[in-house]
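Student: Okay, handing you the structure first.
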Amino acid sequence: MPIERNFFKAVFTFITRQQSLSMLFILLIMWVVLAFLSPYFLTINNIFEITLQSAVIALIAAGESFVIFSGGIDLSVGSVFAFSAIIGGLGLMATQNIFVSLLASLGGGLFAGFCNGAAIVKLKIPPFVATLGMMGIARGLALILSRGIPIYGLPREYMWIGQGRVFGIVPVPTIIVLILFTVMFFILRNTRFGRFTYALGSNAEATRLSGVKIPPVMLGIYMISGAFAAVAAVIESARLGTMQPASGSGYELLAIGSVFIGGASIYGGEGNIFASLIGALIVTTIRNGLNILGVSAFYQYVVNGLIIIFAVAADQSRRAR
Amino acid sequence: MPDLLLMENICKSFFGIPVLKNVSFRLRHGEVHVLLGENGAGKSTLIKILSGAYTLDSGKIFLEGREIDMTNYNPQIASRMGIATIYQNFHLVPHLTVAENISLATFPVSRMGFINWPKVRAFAEQALQKVQLQVDPNTKVKNLTMSQQQMLEIAIALVQKAKIIIMDEPTAAISRRETETLFQIIRQIKTQGVGIIYISHKLEEIREIGDTITILRDGEQVGTMTVHEVNMDQVVNLMTGKEIRTDQRIARNLRTQEIFRCVHLSAVGKFDDVSFSARDGEILGLTGLVGAGKTELARAIFGVDHFEQGEIFVRGVRVHHNTPRAMVEAGVGYIPEDRDTSGLCLNRPIRDNITIVSHAKSRNFGLNLRQDNQAAQLFIRRLQIRTDSLERQVKYLSGGNKQKVILAKWFQAQCQFLILDEPTIGIDVGARQEIYRLIHDFVRDEGRGVLFISSDLSEVLNIADRILVMVRGRITAELFPDGLTKQELLTYCLGLRNSSPTG
């Protein structure tokens, strides 16, 4: 399966297409305005802070993108985030081996995603309900397994994943984001699985009547969502040097908001993953900007809620035209 | 006293195609006026104009001598003026009780603004009395039989002081005994001066209950007469008109190889003991009136719905799993009646829609986008799908072009037996001819066959090599179009004649 030369061109056109382009523009305007409002904003440290902060949200949003493109929604990502962090932490404490820990985290995310997918396919419950249930279950398991106590004392090699710099300047999480987004863009565009993800979101009945086996596609979608929550959890754990059973709460709101800001349709079948990345950058910039301007963190929840509402309202008005 | 209803010179077109041409219709107090016509003759369009679902292009409607202002006419106004439609229990809320349904529009409330339940119940009992329906007003509507639901709808219409009750195929889903009860009620409400517009295909029923008949054909009113002055041959002739055969069949060799066979297929309440086989190179027509069970049969064969009994063979090999997936793998394709809701991914590109079936059958992980584009381009050109780009979302295409995209996806996947359910419905005349041509080209290649389902008799006569007629869930005739007239075909569809099918 050769990667044609057009691939990189397509990456470029997707990034610059209408909705994404206007969002990119809004992002730049936000940066310029914040730079004027606060001398701290355009400092090297702060810019990296934004890319680091956005890395976590962006990765969750990457998984959430698959779910939303397929016409579903995954509310459990915040809890699965904490669950896989704790699983990884327990693995690390038991073996002192980083790779075991990473595999344990990833396995935890994949397992939670598998359960979501299985509940939707086998028990025939809507994604909203299945993942709402998982939201409670995964959070509870994270608290039970950790006895409610954060895990400290991560080895330096582990922390490198969140704090390291390649060539002494580019943060490792930023590189992970770029690589994984490119891979996922490729999967959505150049694999049958990616096609079926969009087709499922566009018209599940027509997709089924075309002979597509829906269950494996559905399982794959939710497992990807769970896996990305796990990767995001690893990065945040590494960055903060601790695994917290209460972490990740409210991240589902930020991730879903990022995908909708990127122009995905709430009905599925439309959207692209790099637009979700821009969405994540916008969400993080707003948070960061409010911090720098000294606005209470409590307001950020209000702002995030408003963002989701306006992003979807914009989608509806585009649709009505 | 003026007529209860007078519709004068009603005209209506859809997308420039006239479906009603200067139709006039008169209904007197206490009259049962039967509307007759083939599928697509304009009956339901006329009814929908009267009930406010469609707006008319020109013409006048008078209710008891007063002209209705048609500019702001809508279903709410129609029902307020006393025009009620009994249509497949559309107006009932299944999860509410009988009493609640009866009072739905006008719940009696107490001075505090709360619902006055004793009054609701009394009101319901009074209404049920009118149609002699003996059910507990506290029963949920979903637990009633079809016939009881119908009676309930009539009761609601009467409570709302309907002057005109429109009944569209009221006996299609109820038993003979229940039909008797229905007729009794109709006779009773006639005496109260209510006028009834009755649509039915069952000619014997029309004799029994009707007073007057109006026949529509191709949007024109071709005759109005009283029931006792008609004979049935005359009615059939008026319905079909003078026949113009524009034969679409192209001479070709029918091969003898069997490509598809189903044996003793049954699904309770849908179809019963259906057996037939289709040959290589054959266009097998399946026709029957609306509601005969054609779509149900097609969906069951393709595995969309389940059937209780029977077997399906493709090229002599039994297909064990009754799922769309298994049928696609066996080489069967299905084009559903409703393109937009079950045939297409509307907000996906044309390319993705055309290639989805072959990707479903493939076992690769990746897909070659360049090959995909070439395949899509090939079919866009071959089927003359009018679009500026293969990336265009399908929702922007016209009905005919959408249908071509669906055909393309099965052609591209090398499908061998294609089931087409009403493939030309809602498609303009020009595009129809193209669809016919594409179907012909498809079966010309070795090893291909088509089951062509349509309620349009002329269409079936013109395209099919052999015709199966379905009446009330059973295949009652197997006919060959040579020398067969549309009148004869209609008599088979109406169930007036049978021929034993040789499956």
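By convention here, the chains of the structure tokens are called A, B, ... in the order presented, each chain's residues are numbered starting at 1, and ligands are numbered starting at 1 in the order presented.
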Can you list every residue in segment 167-359 of chain B that DSSP puts in strand (DSSP E or B), as a ChimeraX atom specification?

Tutor: /B:167-168,195-199,212-217,220-226,258-267,271-279,283-287,309-314,317-318,332-335,349

Student: Excluding same-chain residues fewer than 5 positions from Thr212 of chain B, what lies within 8 Å of it counting only C-alpha atoms, as a list of chain:residue names?

Tutor: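 Counting only C-alpha atoms, the residues come to B:Glu31, B:Val32, B:His33, B:Val34, B:Thr224, B:Met225, B:Thr226, B:Val227.
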
Student: Kindly determine which residues of chain A lie within 12 Å of chain B, considering only C-alpha atoms, and give the answer as a count of residues only.

Tutor: 49

Student: Can you pull out the residues contacting Leu378 of chain B? Cut-off 12 Å, using only C-alpha atoms, and skip same-chain residues under 4 positions away; I want them as a PyMOL selection string.

Tutor: chain B and resi 351+354-355+371-374+382-385+390+405+408-409+411-412

Student: Got a sec to tell me which of segment 179-273 of chain A DSSP assigns to helix (DSSP H, G or I), as a ChimeraX atom specification?

Tutor: /A:179-190,192-202,204-209,214-240,251-261,273

Student: Just write the chosen residues, C-alpha atoms, as a CSV table (one decimal), in the first residue's frame.

Tutor:
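Result file out16.csv:
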```csv
chain,number,residue,atom,x,y,z
A,179,ILE,CA,3.0,11.7,14.6
A,180,LEU,CA,-0.3,10.3,15.9
A,181,PHE,CA,-2.5,12.8,14.1
A,182,THR,CA,-0.7,12.1,10.8
A,183,VAL,CA,-1.2,8.4,11.3
A,184,MET,CA,-4.9,8.8,12.2
A,185,PHE,CA,-5.4,11.1,9.2
A,186,PHE,CA,-4.0,8.4,7.1
A,187,ILE,CA,-6.2,5.8,8.6
A,188,LEU,CA,-9.3,7.9,8.1
A,189,ARG,CA,-8.5,8.6,4.5
A,190,ASN,CA,-6.6,5.6,3.2
A,192,ARG,CA,-11.4,0.7,4.6
A,193,PHE,CA,-11.9,1.2,8.4
A,194,GLY,CA,-11.7,5.0,7.9
A,195,ARG,CA,-14.2,4.9,5.1
A,196,PHE,CA,-16.6,2.8,7.1
A,197,THR,CA,-16.2,5.1,10.1
A,198,TYR,CA,-17.5,8.1,8.0
A,199,ALA,CA,-20.1,5.9,6.2
A,200,LEU,CA,-21.5,4.7,9.5
A,201,GLY,CA,-21.9,8.3,10.7
A,202,SER,CA,-23.4,9.4,7.4
A,204,ALA,CA,-25.7,3.4,9.3
A,205,GLU,CA,-28.6,1.7,7.5
A,206,ALA,CA,-27.2,2.3,4.0
A,207,THR,CA,-23.8,1.1,5.2
A,208,ARG,CA,-25.2,-2.1,6.6
A,209,LEU,CA,-27.2,-2.7,3.4
A,214,ILE,CA,-20.8,-3.0,11.4
A,215,PRO,CA,-19.7,-4.6,14.8
A,216,PRO,CA,-15.9,-4.7,14.2
A,217,VAL,CA,-15.9,-1.1,12.9
A,218,MET,CA,-17.9,0.0,15.9
A,219,LEU,CA,-15.5,-1.8,18.3
A,220,GLY,CA,-12.5,-0.3,16.5
A,221,ILE,CA,-13.8,3.2,16.8
A,222,TYR,CA,-14.4,3.0,20.5
A,223,MET,CA,-11.2,1.2,21.2
A,224,ILE,CA,-9.3,4.0,19.4
A,225,SER,CA,-11.1,6.5,21.5
A,226,GLY,CA,-10.1,4.6,24.7
A,227,ALA,CA,-6.5,4.2,23.5
A,228,PHE,CA,-6.1,7.9,22.9
A,229,ALA,CA,-7.4,8.6,26.3
A,230,ALA,CA,-4.7,6.3,27.6
A,231,VAL,CA,-1.9,8.0,25.6
A,232,ALA,CA,-3.1,11.4,26.9
A,233,ALA,CA,-3.1,10.0,30.4
A,234,VAL,CA,0.5,8.8,30.0
A,235,ILE,CA,1.6,12.2,28.8
A,236,GLU,CA,-0.1,14.1,31.6
A,237,SER,CA,1.2,11.7,34.3
A,238,ALA,CA,4.7,12.0,32.9
A,239,ARG,CA,4.4,15.8,32.8
A,240,LEU,CA,3.1,16.2,36.4
A,251,TYR,CA,-11.7,16.5,29.8
A,252,GLU,CA,-14.5,15.0,27.8
A,253,LEU,CA,-16.1,18.4,27.6
A,254,LEU,CA,-12.9,19.9,26.2
A,255,ALA,CA,-12.3,17.1,23.8
A,256,ILE,CA,-15.8,17.0,22.4
A,257,GLY,CA,-15.7,20.8,22.2
A,258,SER,CA,-12.4,20.6,20.2
A,259,VAL,CA,-14.0,18.3,17.7
A,260,PHE,CA,-17.1,20.4,17.2
A,261,ILE,CA,-15.0,23.6,16.9
A,273,ILE,CA,-9.0,15.2,12.4
```

Student: Can you pull out every residue within 7 Å of segment 46-60 of chain B, counting only C-alpha atoms, but drop anything in the same chain fewer than 3 positions away, and send it as a VMD selection string?

Tutor: chain B and resid 7 to 12 42 to 43 73 to 75 78 83

Student: What does the file look like for those residues with C-alpha atoms, as an mmCIF file, in the first residue's frame?

Tutor:
```cif
data_model
loop_
_atom_site.group_PDB
_atom_site.id
_atom_site.type_symbol
_atom_site.label_atom_id
_atom_site.label_comp_id
_atom_site.auth_asym_id
_atom_site.auth_seq_id
_atom_site.Cartn_x
_atom_site.Cartn_y
_atom_site.Cartn_z
ATOM 1 C CA MET B 7 -63.293 20.821 -5.864
ATOM 2 C CA GLU B 8 -63.072 22.620 -9.184
ATOM 3 C CA ASN B 9 -60.357 22.408 -11.842
ATOM 4 C CA ILE B 10 -57.621 21.338 -9.482
ATOM 5 C CA CYS B 11 -54.131 21.415 -11.024
ATOM 6 C CA LYS B 12 -50.903 20.332 -9.425
ATOM 7 C CA GLY B 42 -53.283 11.232 -8.662
ATOM 8 C CA LYS B 43 -55.677 9.976 -5.976
ATOM 9 C CA TYR B 73 -54.435 26.457 3.880
ATOM 10 C CA ASN B 74 -52.743 23.784 6.009
ATOM 11 C CA PRO B 75 -53.634 20.530 7.825
ATOM 12 C CA ALA B 78 -58.424 21.589 7.312
ATOM 13 C CA ILE B 83 -61.976 17.521 7.089
#
```

Student: Measuring atom to atom with only C-alpha atoms, identify which of B:Ile115, B:Ala300, B:Val450, B:Val131 is nearest to Glu258 of chain B.

Tutor: B:Val450

Student: What is the distance, in Å and to one decimal place, between atom CA of Leu496 of chain B and atom CA of Ser454 of chain B?

Tutor: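 These two atoms are separated by 19.4 Å.
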
Student: Using only C-alpha atoms, which residues sit within 9 Å of Gly148 of chain A once same-chain residues fewer than 5 positions away are excluded, as a list in words?

Tutor: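 Residues near the query, excluding close chain neighbours: Ala142, Leu143, Gln244, Pro245 and Ala246 of chain A.
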
Student: Atoms to include: C-alpha atoms. Write the selected residues as a tab-separated table (two decimals), in the first residue's frame.

Tutor:
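File out-v8.tsv, as written:
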```
chain	number	residue	atom	x	y	z
A	142	ALA	CA	-9.63	4.29	39.16
A	143	LEU	CA	-10.54	5.29	42.72
A	244	GLN	CA	-4.14	10.85	39.99
A	245	PRO	CA	-7.40	8.91	40.27
A	246	ALA	CA	-9.31	12.19	40.10
```

Student: Using only C-alpha atoms, which residues sit within 12 Å of Val230 of chain B once same-chain residues fewer than 6 positions away are excluded, as a list in words?

Tutor: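 Skipping anything fewer than 6 positions along the chain leaves Leu203, Ile206, Arg207, Gly210, Asp211, Thr212, Ile213, Thr214, Ile215, Gly223, Thr224, Val236, Asn237 and Leu238 of chain B.
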
Student: Near Ile87 of chain A, counting only C-alpha atoms, which residues have an atom at most 7 Å away, once you skip same-chain residues fewer than 6 positions from it, shown as JSON, numbers by chain?

Tutor: {"A": [104, 105, 108]}
